[in-house]
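The structure file model24.csv is reproduced below (CSV, C-alpha atoms).
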chain,number,residue,atom,x,y,z
A,1,MET,CA,127.6,143.5,-58.3
A,2,ARG,CA,126.9,143.3,-54.6
A,3,VAL,CA,123.4,144.2,-53.5
A,4,PHE,CA,123.5,145.1,-49.9
A,5,LEU,CA,120.3,146.9,-48.9
A,6,LEU,CA,116.7,146.8,-50.0
A,7,ILE,CA,114.1,149.4,-48.9
A,8,LEU,CA,110.5,149.3,-50.1
A,9,PHE,CA,108.5,152.6,-50.3
A,10,PHE,CA,105.0,151.1,-50.6
A,11,SER,CA,102.9,154.2,-51.0
A,12,LEU,CA,105.1,155.5,-53.8
A,13,GLN,CA,105.3,152.0,-55.3
A,14,VAL,CA,109.1,152.5,-55.4
A,15,SER,CA,111.6,149.7,-55.0
A,16,ILE,CA,115.1,151.0,-54.3
A,17,VAL,CA,118.1,148.6,-54.5
A,18,PHE,CA,121.4,150.0,-53.4
A,19,SER,CA,124.4,148.6,-55.1
A,20,ALA,CA,127.9,149.7,-56.2
A,21,GLU,CA,128.8,148.7,-59.8
A,22,ILE,CA,131.2,150.4,-62.2
A,23,VAL,CA,129.3,150.5,-65.5
A,24,ALA,CA,131.5,152.7,-67.8
A,25,GLN,CA,134.6,154.8,-67.9
A,26,PHE,CA,135.7,158.1,-69.4
A,27,THR,CA,138.8,160.3,-69.5
A,28,PRO,CA,139.4,161.6,-65.9
A,29,LEU,CA,139.5,165.3,-65.2
A,30,GLU,CA,142.8,167.1,-64.9
A,31,ASP,CA,143.5,169.2,-61.9
A,32,SER,CA,142.5,172.4,-63.7
A,33,GLU,CA,139.2,171.0,-65.0
A,34,ARG,CA,135.6,170.7,-63.8
A,35,PHE,CA,132.3,169.4,-65.1
A,36,ALA,CA,129.6,171.2,-67.0
A,37,TYR,CA,126.6,169.7,-68.9
A,38,SER,CA,124.0,170.3,-71.6
A,39,VAL,CA,120.7,168.6,-72.2
A,40,GLU,CA,118.9,167.9,-75.5
A,41,ASN,CA,115.3,166.9,-75.9
A,42,VAL,CA,115.1,164.1,-78.5
A,43,ARG,CA,112.6,161.6,-79.7
A,44,SER,CA,112.5,158.4,-77.7
A,45,PRO,CA,112.6,155.0,-79.5
A,46,ARG,CA,109.5,154.2,-77.4
A,47,GLY,CA,107.7,157.3,-78.7
A,48,GLY,CA,107.4,160.7,-77.2
A,49,GLY,CA,110.5,162.7,-76.0
A,50,MET,CA,113.4,162.2,-73.7
A,51,TRP,CA,116.4,164.1,-72.4
A,52,ASN,CA,119.9,163.2,-73.3
A,53,MET,CA,122.7,164.7,-71.2
A,54,THR,CA,126.2,165.5,-72.5
A,55,LEU,CA,128.9,165.9,-69.8
A,56,TYR,CA,131.9,168.2,-70.5
A,57,SER,CA,135.2,169.0,-69.0
A,58,VAL,CA,135.8,172.8,-68.6
A,59,ARG,CA,139.5,173.9,-68.4
A,60,ASN,CA,140.5,176.8,-66.1
A,61,ASN,CA,136.8,177.6,-65.6
A,62,ASP,CA,136.7,178.9,-69.2
A,63,ILE,CA,133.4,177.8,-70.8
A,64,ASP,CA,134.9,178.5,-74.2
A,65,ASN,CA,137.6,175.8,-73.5
A,66,VAL,CA,135.6,172.6,-73.1
A,67,SER,CA,135.8,169.0,-74.2
A,68,GLU,CA,132.9,166.5,-74.5
A,69,LEU,CA,133.4,163.5,-72.2
A,70,PHE,CA,130.3,161.4,-72.8
A,71,VAL,CA,126.6,161.4,-73.7
A,72,TRP,CA,124.0,159.6,-71.5
A,73,GLU,CA,120.5,158.9,-72.8
A,74,ASP,CA,117.2,159.4,-71.2
A,75,VAL,CA,118.2,161.2,-68.0
A,76,THR,CA,115.9,162.9,-65.5
A,77,TRP,CA,117.0,166.5,-66.1
A,78,ALA,CA,115.7,167.8,-62.8
A,79,GLY,CA,118.0,165.4,-60.9
A,80,ILE,CA,121.4,166.3,-62.4
A,81,GLN,CA,123.6,167.7,-59.7
A,82,PHE,CA,127.3,168.1,-58.8
A,83,THR,CA,129.6,168.2,-55.8
A,84,GLY,CA,130.7,171.7,-54.7
A,85,ASP,CA,133.9,171.4,-56.8
A,86,PHE,CA,132.0,170.2,-59.9
A,87,ARG,CA,134.3,167.2,-60.2
A,88,ILE,CA,131.6,164.6,-59.3
A,89,ALA,CA,128.2,164.4,-61.0
A,90,PHE,CA,125.1,162.5,-60.1
A,91,PHE,CA,122.1,161.8,-62.4
A,92,PHE,CA,119.2,159.4,-62.8
A,93,ALA,CA,118.7,157.6,-66.2
A,94,ARG,CA,116.4,154.9,-67.5
A,95,GLN,CA,117.7,151.4,-66.9
A,96,ARG,CA,119.3,149.5,-69.8
A,97,PRO,CA,118.1,146.9,-70.7
A,98,GLU,CA,114.7,148.2,-69.7
A,99,ALA,CA,113.0,146.7,-66.6
A,100,SER,CA,109.3,146.1,-66.3
A,101,PRO,CA,107.9,148.3,-64.9
A,102,PRO,CA,110.3,150.9,-66.1
A,103,ALA,CA,113.1,151.7,-63.6
A,104,ARG,CA,115.7,154.4,-63.3
A,105,ASN,CA,119.2,154.1,-61.9
A,106,LEU,CA,121.2,156.7,-60.0
A,107,TYR,CA,124.7,157.1,-61.4
A,108,MET,CA,127.8,158.8,-60.1
A,109,ALA,CA,130.3,160.1,-62.6
A,110,ASN,CA,133.6,160.6,-60.7
A,111,GLY,CA,135.8,163.0,-62.6
A,112,ASN,CA,138.8,162.2,-60.3
A,113,THR,CA,138.8,158.5,-61.4
A,114,GLY,CA,137.0,158.6,-64.7
A,115,GLU,CA,134.5,155.9,-63.5
A,116,ILE,CA,130.7,155.9,-63.8
A,117,THR,CA,129.1,153.9,-61.0
A,118,LYS,CA,125.5,152.8,-60.6
A,119,ILE,CA,124.6,153.5,-57.0
A,120,MET,CA,121.0,152.4,-56.9
A,121,SER,CA,117.8,151.6,-58.8
A,122,ASN,CA,114.7,153.6,-58.2
A,123,ARG,CA,111.4,153.4,-60.0
A,124,ASP,CA,110.7,157.1,-59.6
A,125,GLY,CA,114.0,158.9,-60.2
A,126,THR,CA,113.1,162.2,-58.7
A,127,GLY,CA,113.2,164.0,-55.4
A,128,PHE,CA,116.7,163.2,-54.2
A,129,ARG,CA,119.6,165.4,-53.2
A,130,VAL,CA,123.3,164.7,-52.7
A,131,THR,CA,125.3,166.8,-50.2
A,132,LYS,CA,127.8,169.1,-51.9
A,133,ASP,CA,130.7,167.1,-50.4
A,134,GLY,CA,129.3,164.0,-52.2
A,135,ARG,CA,129.0,162.0,-49.0
A,136,PHE,CA,125.2,161.6,-48.4
A,137,ILE,CA,122.1,161.1,-50.5
A,138,GLY,CA,118.8,162.3,-49.1
A,139,PHE,CA,115.2,161.1,-49.9
A,140,ILE,CA,111.7,161.8,-48.6
A,141,GLY,CA,109.8,158.6,-48.1
A,142,GLY,CA,106.0,158.1,-48.5
A,143,TRP,CA,103.5,158.1,-45.7
A,144,ASP,CA,103.5,154.3,-45.8
A,145,SER,CA,107.3,153.9,-45.9
A,146,PRO,CA,109.1,151.8,-43.3
A,147,GLY,CA,108.8,153.0,-39.7
A,148,TYR,CA,105.7,155.2,-40.4
A,149,GLU,CA,103.4,155.3,-37.4
A,150,ARG,CA,100.0,154.1,-38.6
A,151,SER,CA,96.9,155.9,-37.4
A,152,SER,CA,93.2,156.0,-38.1
A,153,SER,CA,93.5,159.7,-38.6
A,154,PRO,CA,93.1,160.5,-42.3
A,155,HIS,CA,95.4,163.5,-42.0
A,156,LEU,CA,98.3,162.0,-40.1
A,157,GLY,CA,99.8,160.9,-43.5
A,158,ARG,CA,100.1,164.6,-44.3
A,159,ARG,CA,101.6,165.6,-41.0
A,160,GLN,CA,104.8,163.6,-41.0
A,161,ARG,CA,107.3,162.2,-43.4
A,162,ASN,CA,110.3,159.9,-43.2
A,163,ILE,CA,113.6,161.3,-44.4
A,164,PHE,CA,116.1,158.6,-45.5
A,165,VAL,CA,119.8,159.3,-45.7
A,166,PHE,CA,122.2,157.0,-47.5
A,167,ASP,CA,126.0,157.2,-46.7
A,168,ILE,CA,127.7,156.5,-50.0
A,169,GLN,CA,131.1,155.6,-48.6
A,170,ASN,CA,129.9,153.4,-45.7
A,171,GLU,CA,127.0,151.9,-47.6
A,172,THR,CA,124.5,152.4,-44.8
A,173,MET,CA,121.0,153.9,-44.6
A,174,GLU,CA,119.4,155.8,-41.8
A,175,ARG,CA,115.8,157.1,-41.3
A,176,ILE,CA,114.4,159.9,-39.3
A,177,THR,CA,110.8,161.2,-39.0
A,178,TRP,CA,109.7,164.8,-39.1
A,179,SER,CA,106.3,165.7,-37.7
A,180,ILE,CA,104.5,169.0,-38.0
A,181,ASP,CA,101.7,170.6,-36.0
A,182,TRP,CA,99.0,170.3,-38.7
A,183,PHE,CA,98.5,168.6,-42.0
A,184,VAL,CA,99.5,170.1,-45.4
A,185,ASP,CA,98.0,169.4,-48.7
A,186,GLY,CA,100.7,170.4,-51.1
A,187,GLY,CA,103.4,167.8,-50.5
A,188,TRP,CA,107.0,167.8,-49.2
A,189,SER,CA,110.3,168.9,-50.8
A,190,LEU,CA,113.9,168.3,-50.0
A,191,PHE,CA,116.8,170.6,-51.0
A,192,ARG,CA,120.4,170.9,-50.1
A,193,PHE,CA,122.3,173.9,-48.7
A,194,ASP,CA,126.0,173.0,-48.6
A,195,ASN,CA,126.0,169.7,-46.6
A,196,ILE,CA,122.7,170.2,-44.9
A,197,PHE,CA,119.3,169.0,-46.2
A,198,ARG,CA,116.4,171.4,-45.8
A,199,ILE,CA,112.8,170.0,-45.9
A,200,TYR,CA,109.7,172.0,-46.7
A,201,ALA,CA,106.1,171.1,-45.9
A,202,GLN,CA,104.0,172.9,-48.5
A,203,GLN,CA,100.4,173.8,-49.0
A,204,GLU,CA,98.7,173.5,-52.3
A,205,GLY,CA,100.2,176.1,-54.7
A,206,GLY,CA,103.7,175.8,-53.3
A,207,GLY,CA,103.4,177.9,-50.1
A,208,ILE,CA,105.8,176.8,-47.4
A,209,ARG,CA,104.2,176.2,-44.1
A,210,ALA,CA,107.0,174.5,-42.1
A,211,VAL,CA,110.8,174.1,-42.5
A,212,ALA,CA,113.3,171.7,-41.0
A,213,GLU,CA,117.0,171.1,-41.5
A,214,LEU,CA,118.7,167.8,-41.2
A,215,ASN,CA,122.5,167.3,-40.7
A,216,PRO,CA,123.1,163.9,-42.4
A,217,ALA,CA,126.5,163.5,-40.7
A,218,THR,CA,124.9,163.5,-37.2
A,219,MET,CA,121.2,162.8,-38.2
A,220,GLU,CA,120.2,165.9,-36.1
A,221,LEU,CA,116.8,167.2,-37.3
A,222,ARG,CA,115.9,170.7,-36.3
A,223,THR,CA,112.5,172.4,-37.0
A,224,LEU,CA,113.2,176.0,-38.0
A,225,TRP,CA,109.6,177.1,-37.9
A,226,ASP,CA,106.2,175.5,-38.2
A,227,MET,CA,103.2,177.6,-39.3
A,228,SER,CA,101.1,174.6,-40.5
A,229,ASP,CA,98.4,175.1,-37.9
A,230,PRO,CA,95.7,177.3,-39.5
A,231,GLU,CA,95.7,179.4,-36.3
A,232,TYR,CA,99.0,180.8,-37.5
A,233,VAL,CA,99.0,183.5,-40.1
A,234,LEU,CA,102.2,183.9,-42.1
A,235,SER,CA,102.0,186.7,-44.6
A,236,PRO,CA,103.4,186.7,-47.1
A,237,VAL,CA,103.8,182.9,-47.3
A,238,PRO,CA,107.2,181.9,-48.8
A,239,THR,CA,106.6,180.1,-52.1
A,240,LEU,CA,108.6,177.8,-54.2
A,241,SER,CA,108.6,179.3,-57.7
A,242,PHE,CA,109.7,177.3,-60.7
A,243,GLY,CA,110.2,178.1,-64.3
A,244,ALA,CA,112.8,179.2,-66.8
A,245,GLY,CA,115.0,181.9,-65.3
A,246,VAL,CA,113.2,181.9,-62.0
A,247,HIS,CA,115.6,182.4,-59.0
A,248,CYS,CA,114.1,181.8,-55.6
A,249,GLU,CA,116.0,182.0,-52.4
A,250,TRP,CA,114.1,179.0,-51.1
A,251,GLN,CA,115.4,176.8,-53.9
A,252,ASP,CA,118.9,175.4,-53.9
A,253,ASP,CA,121.9,175.4,-56.4
A,254,VAL,CA,120.6,172.3,-58.1
A,255,VAL,CA,117.6,174.2,-59.3
A,256,HIS,CA,119.5,177.4,-60.0
A,257,GLN,CA,122.2,175.7,-62.1
A,258,ARG,CA,119.6,174.9,-64.8
A,259,SER,CA,119.6,178.6,-65.8
A,260,ASN,CA,123.4,179.1,-65.1
A,261,PRO,CA,125.2,179.3,-68.5
A,262,ASP,CA,128.5,178.4,-66.8
A,263,ILE,CA,127.1,175.0,-65.6
A,264,ARG,CA,124.4,174.2,-68.2
A,265,LEU,CA,126.1,175.0,-71.4
A,266,GLN,CA,124.1,176.1,-74.4
A,267,ARG,CA,125.3,173.5,-77.0
What is this file in structure tokens?
Amino acid sequence: MRVFLLILFFSLQVSIVFSAEIVAQFTPLEDSERFAYSVENVRSPRGGGMWNMTLYSVRNNDIDNVSELFVWEDVTWAGIQFTGDFRIAFFFARQRPEASPPARNLYMANGNTGEITKIMSNRDGTGFRVTKDGRFIGFIGGWDSPGYERSSSPHLGRRQRNIFVFDIQNETMERITWSIDWFVDGGWSLFRFDNIFRIYAQQEGGGIRAVAELNPATMELRTLWDMSDPEYVLSPVPTLSFGAGVHCEWQDDVVHQRSNPDIRLQR
């Protein structure tokens, strides 16, 4: 294994190590096949529950004609995502053997080659997106992450965020900072729309106060609108709604696939 980049996200207490290591193999997909998955909540050996993911091959887009490829234990269900052709899958899972403190690895299952590659280790395991072409991984960094402009203002940490983009093929990382007019108290979210990342600055309760788009191929960041300043009144405020069967235009396909029976199979 060749470790080539280390980034520390201090405020999130997250240590991310980027590496490329083939850890398992499975039967490659045929030209007429694509991925689908199912998840099962089981009892963890450590106590409590955990999610196990089963990955399938679907022939000719017929969900009644499927074969099981492999089962991976203790995955982060919310992070399972696919390329646009559903032939490459990405998922976070607990590290084996277990690290202390517990760590999660990001894995890529390449249906074209039948290889499962560990791409990185991450102590959080949530909040990432991969572009639909499978080229770039996007993260939102904490207010104390590298390159953050420190200030005595208690609200500056809620007015800007670093967005990190990792180029999978070239094994490089870039960072860009997005600043908004006023602070928000509800956090920041990153979604994907085709090969563009969209970032939301949210107020408490999920209301979206500012929106930006980032092209990872060019690292061009564009603010679409910013209503974070309390002088602006945006009614109704767009809201990120979550829950079983909830379909919101502000969410992306990664969220919507959880209730899509052609992608998340009921097994």
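Closest approach to Thr27 of chain A among A:Asn112, A:Trp72, A:Pro216, A:Phe90: A:Asn112, based on all atoms listed in the file.
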**Item:** segment 160-173 of chain A environment, 6 Å, all atoms listed in the file, sequence neighbours closer than 5 positions dropped, as a list in words
**Value:** Arg135, Phe136, Ile137, Gly138, Phe139, Ile140, Gly141, Trp178 and Ser179 of chain A
**Residues within 9 Å of (113.4, 182.6, -55.2), counting only C-alpha atoms, listed as a PyMOL selection string** = chain A and resi 238-242+246-251
**Item:** Distance query 8 Å from (117.3, 157.4, -68.8) using all atoms listed in the file, result as a PyMOL selection string
**Value:** chain A and resi 50-52+72-76+92-95+104-105
Deliver the residues from the most recent selection as a file, using C-alpha atoms, as a PDB file, in the frame of the given file.
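Final output, saved to part.pdb:
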ATOM      1  CA  MET A  50     113.400 162.200 -73.700  1.00  0.00           C
ATOM      2  CA  TRP A  51     116.400 164.100 -72.400  1.00  0.00           C
ATOM      3  CA  ASN A  52     119.900 163.200 -73.300  1.00  0.00           C
ATOM      4  CA  TRP A  72     124.000 159.600 -71.500  1.00  0.00           C
ATOM      5  CA  GLU A  73     120.500 158.900 -72.800  1.00  0.00           C
ATOM      6  CA  ASP A  74     117.200 159.400 -71.200  1.00  0.00           C
ATOM      7  CA  VAL A  75     118.200 161.200 -68.000  1.00  0.00           C
ATOM      8  CA  THR A  76     115.900 162.900 -65.500  1.00  0.00           C
ATOM      9  CA  PHE A  92     119.200 159.400 -62.800  1.00  0.00           C
ATOM     10  CA  ALA A  93     118.700 157.600 -66.200  1.00  0.00           C
ATOM     11  CA  ARG A  94     116.400 154.900 -67.500  1.00  0.00           C
ATOM     12  CA  GLN A  95     117.700 151.400 -66.900  1.00  0.00           C
ATOM     13  CA  ARG A 104     115.700 154.400 -63.300  1.00  0.00           C
ATOM     14  CA  ASN A 105     119.200 154.100 -61.900  1.00  0.00           C
TER      15      ASN A 105
END
**Prompt:** Quick one, how far is atom CA of Val237 of chain A from atom CA of Arg175 of chain A?
**Reply:**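 These two atoms are separated by 29.1 Å.
Ranking A:Gly207, A:Gly186, A:Gly84, A:Pro261 by their shortest atom-to-atom distance to Asp64 of chain A, with all atoms listed in the file included, puts A:Pro261 first.
Atom to atom, atom CA of Asn61 of chain A and atom CA of Lys118 of chain A stand 27.7 Å apart.
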**Asked** Could you work out how far atom CA of Arg34 of chain A lies from atom CA of Asn60 of chain A, giving the answer in Å with one decimal?
**Response** 8.2 Å
**Message:** Give me the residues near segment 36-45 of chain A as a VMD selection string, where near means some atom within 10 Å (using all atoms listed in the file) and where sequence neighbours in that chain fewer than 5 positions away do not count.
**Reply:** chain A and resid 50 to 58 61 63 66 to 75 77 80 to 82 86 to 87 89 257 to 258 261 to 267
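Residue nearest Ile88 of chain A, chosen from A:Gln25, A:Ser189, A:Thr113, A:Gln203 and counting only C-alpha atoms: A:Thr113.
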**Item:** Close residues, Ala78 of chain A itself excluded, 9 Å, only C-alpha atoms, min 5 positions apart in chain, as number ranges by chain
**Value:** A: 91, 126-127, 254-255, 258
**Message:** Would you pick out the contacts of Arg192 of chain A at 9 Å or less, using all atoms listed in the file, so that residues sharing its chain but fewer than 3 positions from it are not included, and give the list as a PyMOL selection string?
**Reply:** chain A and resi 129-132+138+195-199+251-254
Write out, as a tab-separated table (two decimals), in the frame of the given file, the residues just selected, with C-alpha atoms.
chain	number	residue	atom	x	y	z
A	129	ARG	CA	119.60	165.40	-53.20
A	130	VAL	CA	123.30	164.70	-52.70
A	131	THR	CA	125.30	166.80	-50.20
A	132	LYS	CA	127.80	169.10	-51.90
A	138	GLY	CA	118.80	162.30	-49.10
A	195	ASN	CA	126.00	169.70	-46.60
A	196	ILE	CA	122.70	170.20	-44.90
A	197	PHE	CA	119.30	169.00	-46.20
A	198	ARG	CA	116.40	171.40	-45.80
A	199	ILE	CA	112.80	170.00	-45.90
A	251	GLN	CA	115.40	176.80	-53.90
A	252	ASP	CA	118.90	175.40	-53.90
A	253	ASP	CA	121.90	175.40	-56.40
A	254	VAL	CA	120.60	172.30	-58.10
**Asked** Of the candidates A:Leu214, A:Ala103, A:Ile116, A:Val184, which shows the shortest atom-to-atom distance to Ala24 of chain A, using all atoms listed in the file?
**Response** A:Ile116
**Request:** Would you list the contacts of Asp226 of chain A as an MDAnalysis selection string, taking every protein, DNA or RNA residue within 12 Å and counting all atoms listed in the file, but skipping same-chain residues closer than 5 positions in sequence?
**Result:** chainID A and resid 159 178:184 199:202 208:212 231:234 237
How about saving the chosen residues, C-alpha atoms kept, as a JSON list (two decimals), in the coordinates of the input?
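And here is the file that came out, out-v1.json:
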[["chain", "number", "residue", "atom", "x", "y", "z"],
["A", 159, "ARG", "CA", 101.60, 165.60, -41.00],
["A", 178, "TRP", "CA", 109.70, 164.80, -39.10],
["A", 179, "SER", "CA", 106.30, 165.70, -37.70],
["A", 180, "ILE", "CA", 104.50, 169.00, -38.00],
["A", 181, "ASP", "CA", 101.70, 170.60, -36.00],
["A", 182, "TRP", "CA", 99.00, 170.30, -38.70],
["A", 183, "PHE", "CA", 98.50, 168.60, -42.00],
["A", 184, "VAL", "CA", 99.50, 170.10, -45.40],
["A", 199, "ILE", "CA", 112.80, 170.00, -45.90],
["A", 200, "TYR", "CA", 109.70, 172.00, -46.70],
["A", 201, "ALA", "CA", 106.10, 171.10, -45.90],
["A", 202, "GLN", "CA", 104.00, 172.90, -48.50],
["A", 208, "ILE", "CA", 105.80, 176.80, -47.40],
["A", 209, "ARG", "CA", 104.20, 176.20, -44.10],
["A", 210, "ALA", "CA", 107.00, 174.50, -42.10],
["A", 211, "VAL", "CA", 110.80, 174.10, -42.50],
["A", 212, "ALA", "CA", 113.30, 171.70, -41.00],
["A", 231, "GLU", "CA", 95.70, 179.40, -36.30],
["A", 232, "TYR", "CA", 99.00, 180.80, -37.50],
["A", 233, "VAL", "CA", 99.00, 183.50, -40.10],
["A", 234, "LEU", "CA", 102.20, 183.90, -42.10],
["A", 237, "VAL", "CA", 103.80, 182.90, -47.30]]
